[in-house]
Amino acid sequence: GENVEQHPSTLSVQEGDSAVIKCTYSDSASNYFPWYKQELGKGPQLIIDIRSNVGEKKDQRIAVTLNKTAKHFSLHITETQPEDSAVYFCAASILGGNMLTFGGGTRLMVKP
Amino acid sequence: KAGVTQTPRYLIKTRGQQVTLSCSPISGHRSVSWYQQTPGQGLQFLFEYFSETQRNKGNFPGRFSGRQFSNSRSEMNVSTLELGDSALYLCASTGVSSYEQYFGPGTRLTVT
């Protein structure tokens, strides 16, 4: 089955700096890669996703890149703000399968 | 549009008992997936239901079961509870012809 590894497990940045979280996946059949943000006491919130026919996708301060050959994808957050502090999860699945395999999570702390 | 709702939000059970958790998807969504979240194992896929049929199943023992009703609401049941079943149980719904999963706030189950 699919295996997703995520690094780093914790990340501390200064407000205004950029943050990068990286994930690798094992199953070349995976073609859908969402990212979720989870705040304390809440369920994961979908923040951005990418499909394997696209190399990069941006949404304001958030971007995701995908390298299918190397089987890795990354989340980039620019101009970080204290409200970006949360746990971020990457995931992989086959489109339409609705069975997400998650990475272990990254706790992002943005210091004011 | 209302989001995914889960009831109850918190539950305390004793070892050996059984428990039923409920999930109401976003209006119009017909797929409901269930996940277990623990500090040690992270987010793990339990099963997915679409149009009252189980479409995918994760690697969990048969004590974990689910069902979906004609209005797309879903329930999951855990029988003969073990201490290790203590977790946050999350459900997510997906729209028809879509691949984005939207999570509810989860049910926090504590087994004593």
# chains A, B, ... in the order shown; residues from 1 in each chain; ligands from 1
call {"tool": "residues_around", "arguments": {"residues": "Asn3 in chain A", "least_positions_apart": "5", "cutoff": "8 Å", "atoms": "only C-alpha atoms", "output": "PDB file with N, CA and C atoms, in the first residue's frame"}}
result
ATOM      1  N   TYR A  25       6.115  10.065  -1.302  1.00  0.00           N
ATOM      2  CA  TYR A  25       5.139   8.980  -1.359  1.00  0.00           C
ATOM      3  C   TYR A  25       5.740   7.800  -2.098  1.00  0.00           C
ATOM      4  N   SER A  26       5.154   6.635  -1.919  1.00  0.00           N
ATOM      5  CA  SER A  26       5.778   5.426  -2.471  1.00  0.00           C
ATOM      6  C   SER A  26       5.039   4.851  -3.676  1.00  0.00           C
ATOM      7  N   ASP A  27       3.743   5.071  -3.773  1.00  0.00           N
ATOM      8  CA  ASP A  27       2.936   4.430  -4.817  1.00  0.00           C
ATOM      9  C   ASP A  27       2.830   5.340  -6.046  1.00  0.00           C
ATOM     10  N   THR A 101      -3.990   8.536   2.339  1.00  0.00           N
ATOM     11  CA  THR A 101      -2.898   8.100   3.203  1.00  0.00           C
ATOM     12  C   THR A 101      -2.169   9.353   3.640  1.00  0.00           C
ATOM     13  N   GLY A 103       0.648  11.765   5.803  1.00  0.00           N
ATOM     14  CA  GLY A 103       1.958  11.845   6.423  1.00  0.00           C
ATOM     15  C   GLY A 103       1.790  12.036   7.922  1.00  0.00           C
TER      16      GLY A 103
END
call {"tool": "select_by_dssp", "arguments": {"residues": "chain A", "states": "strand (DSSP E)", "output": "PyMOL selection string"}}
result
chain A and resi 4-7+10-14+19-25+32-38+45-51+56-59+62-67+72-77+86-92+101-102+106-111
call {"tool": "closest_atom_pairs", "arguments": {"of": "chain B", "to": "chain A", "cutoff": "6 Å", "atoms": "only C-alpha atoms", "output": "JSON lines"}}
result
{"residue": "B:Gly42", "atom": "CA", "partner": "A:Gly104", "partner_atom": "CA", "distance": 5.9}
{"residue": "B:Tyr99", "atom": "CA", "partner": "A:Gly96", "partner_atom": "CA", "distance": 5.8}
{"residue": "B:Phe103", "atom": "CA", "partner": "A:Gly43", "partner_atom": "CA", "distance": 5.8}
{"residue": "B:Gly104", "atom": "CA", "partner": "A:Gly43", "partner_atom": "CA", "distance": 5.6}
{"residue": "B:Pro105", "atom": "CA", "partner": "A:Gly43", "partner_atom": "CA", "distance": 4.2}
call {"tool": "write_last_selection", "arguments": {"atoms": "C-alpha atoms", "output": "PDB file, in the first residue's frame"}}
result
ATOM      1  CA  GLY B  42      -1.444   9.441  13.158  1.00  0.00           C
ATOM      2  CA  TYR B  99     -12.243  14.550  -4.981  1.00  0.00           C
ATOM      3  CA  PHE B 103     -13.634  16.849   7.539  1.00  0.00           C
ATOM      4  CA  GLY B 104     -15.909  17.216  10.520  1.00  0.00           C
ATOM      5  CA  PRO B 105     -14.681  18.234  13.983  1.00  0.00           C
TER       6      PRO B 105
END
call {"tool": "atom_distance", "arguments": {"atom1": "CA of Arg61 in chain A", "atom2": "CA of Ser74 in chain A"}}
result
13.8 Å
call {"tool": "residues_around", "arguments": {"residues": "Gly106 in chain B", "least_positions_apart": "2", "cutoff": "7 Å", "atoms": "only C-alpha atoms", "output": "VMD selection string"}}
result
(chain A and resid 43) or (chain B and resid 6 9 88 to 91 104 108)
call {"tool": "residues_around", "arguments": {"residues": "Gly16 in chain A", "least_positions_apart": "3", "cutoff": "7 Å", "atoms": "only C-alpha atoms", "output": "list of chain:residue names"}}
result
A:Glu79, A:Thr80, A:Gln81
call {"tool": "closest_residue", "arguments": {"among": "B:Ser31, B:Thr94, B:Asn71, B:Asn77", "to": "Arg55 in chain B", "atoms": "only C-alpha atoms"}}
result
B:Ser31
call {"tool": "atom_distance", "arguments": {"atom1": "CA of Cys90 in chain A", "atom2": "CA of Ala63 in chain A"}}
result
12.9 Å
call {"tool": "atom_distance", "arguments": {"atom1": "CA of Val54 in chain A", "atom2": "CA of Lys68 in chain A"}}
result
9.6 Å
call {"tool": "residues_around", "arguments": {"residues": "range 38-41 of chain B", "least_positions_apart": "2", "cutoff": "8 Å", "atoms": "only C-alpha atoms", "output": "PDB file with all heavy atoms, in the first residue's frame"}}
result
ATOM      1  N   GLN B  36      -9.264   7.342  11.840  1.00  0.00           N
ATOM      2  CA  GLN B  36      -8.906   7.335  13.252  1.00  0.00           C
ATOM      3  C   GLN B  36      -7.618   8.149  13.422  1.00  0.00           C
ATOM      4  O   GLN B  36      -6.675   7.965  12.647  1.00  0.00           O
ATOM      5  CB  GLN B  36      -8.656   5.897  13.721  1.00  0.00           C
ATOM      6  CG  GLN B  36      -8.297   5.786  15.198  1.00  0.00           C
ATOM      7  CD  GLN B  36      -7.690   4.433  15.550  1.00  0.00           C
ATOM      8  OE1 GLN B  36      -6.618   4.082  15.065  1.00  0.00           O
ATOM      9  NE2 GLN B  36      -8.375   3.676  16.398  1.00  0.00           N
ATOM     10  N   LEU B  43      -3.057   9.726  11.416  1.00  0.00           N
ATOM     11  CA  LEU B  43      -4.374   9.632  10.762  1.00  0.00           C
ATOM     12  C   LEU B  43      -4.411   8.383   9.904  1.00  0.00           C
ATOM     13  O   LEU B  43      -3.626   8.237   8.969  1.00  0.00           O
ATOM     14  CB  LEU B  43      -4.606  10.857   9.871  1.00  0.00           C
ATOM     15  CG  LEU B  43      -5.141  12.109  10.540  1.00  0.00           C
ATOM     16  CD1 LEU B  43      -4.724  13.346   9.761  1.00  0.00           C
ATOM     17  CD2 LEU B  43      -6.658  12.025  10.631  1.00  0.00           C
ATOM     18  N   GLN B  44      -5.352   7.491  10.212  1.00  0.00           N
ATOM     19  CA  GLN B  44      -5.461   6.241   9.461  1.00  0.00           C
ATOM     20  C   GLN B  44      -6.872   6.050   8.926  1.00  0.00           C
ATOM     21  O   GLN B  44      -7.849   6.256   9.653  1.00  0.00           O
ATOM     22  CB  GLN B  44      -5.090   5.058  10.351  1.00  0.00           C
ATOM     23  CG  GLN B  44      -3.625   5.042  10.765  1.00  0.00           C
ATOM     24  CD  GLN B  44      -3.286   3.776  11.540  1.00  0.00           C
ATOM     25  OE1 GLN B  44      -3.695   3.595  12.675  1.00  0.00           O
ATOM     26  NE2 GLN B  44      -2.568   2.881  10.896  1.00  0.00           N
ATOM     27  N   SER B  86      -8.977   4.353  22.076  1.00  0.00           N
ATOM     28  CA  SER B  86      -9.076   5.768  22.437  1.00  0.00           C
ATOM     29  C   SER B  86      -8.442   6.598  21.324  1.00  0.00           C
ATOM     30  O   SER B  86      -7.266   6.399  20.986  1.00  0.00           O
ATOM     31  CB  SER B  86      -8.362   6.037  23.763  1.00  0.00           C
ATOM     32  OG  SER B  86      -9.004   5.391  24.834  1.00  0.00           O
ATOM     33  N   ALA B  87      -9.203   7.509  20.777  1.00  0.00           N
ATOM     34  CA  ALA B  87      -8.731   8.263  19.607  1.00  0.00           C
ATOM     35  C   ALA B  87      -9.735   9.344  19.254  1.00  0.00           C
ATOM     36  O   ALA B  87     -10.836   9.395  19.811  1.00  0.00           O
ATOM     37  CB  ALA B  87      -8.557   7.322  18.405  1.00  0.00           C
ATOM     38  N   LEU B  88      -9.337  10.177  18.307  1.00  0.00           N
ATOM     39  CA  LEU B  88     -10.259  11.114  17.681  1.00  0.00           C
ATOM     40  C   LEU B  88     -10.744  10.452  16.390  1.00  0.00           C
ATOM     41  O   LEU B  88      -9.927  10.076  15.549  1.00  0.00           O
ATOM     42  CB  LEU B  88      -9.547  12.428  17.365  1.00  0.00           C
ATOM     43  CG  LEU B  88     -10.400  13.522  16.718  1.00  0.00           C
ATOM     44  CD1 LEU B  88     -11.474  14.028  17.683  1.00  0.00           C
ATOM     45  CD2 LEU B  88      -9.527  14.690  16.245  1.00  0.00           C
TER      46      LEU B  88
END
call {"tool": "residues_around", "arguments": {"residues": "Thr53 in chain B", "least_positions_apart": "5", "cutoff": "9 Å", "atoms": "only C-alpha atoms", "output": "list in words"}}
result
Glu48, Arg67 and Gln68 of chain B
call {"tool": "closest_residue", "arguments": {"among": "B:Val19, B:Leu11, B:Leu46, B:Val32", "to": "Arg73 in chain B", "atoms": "only C-alpha atoms"}}
result
B:Val32
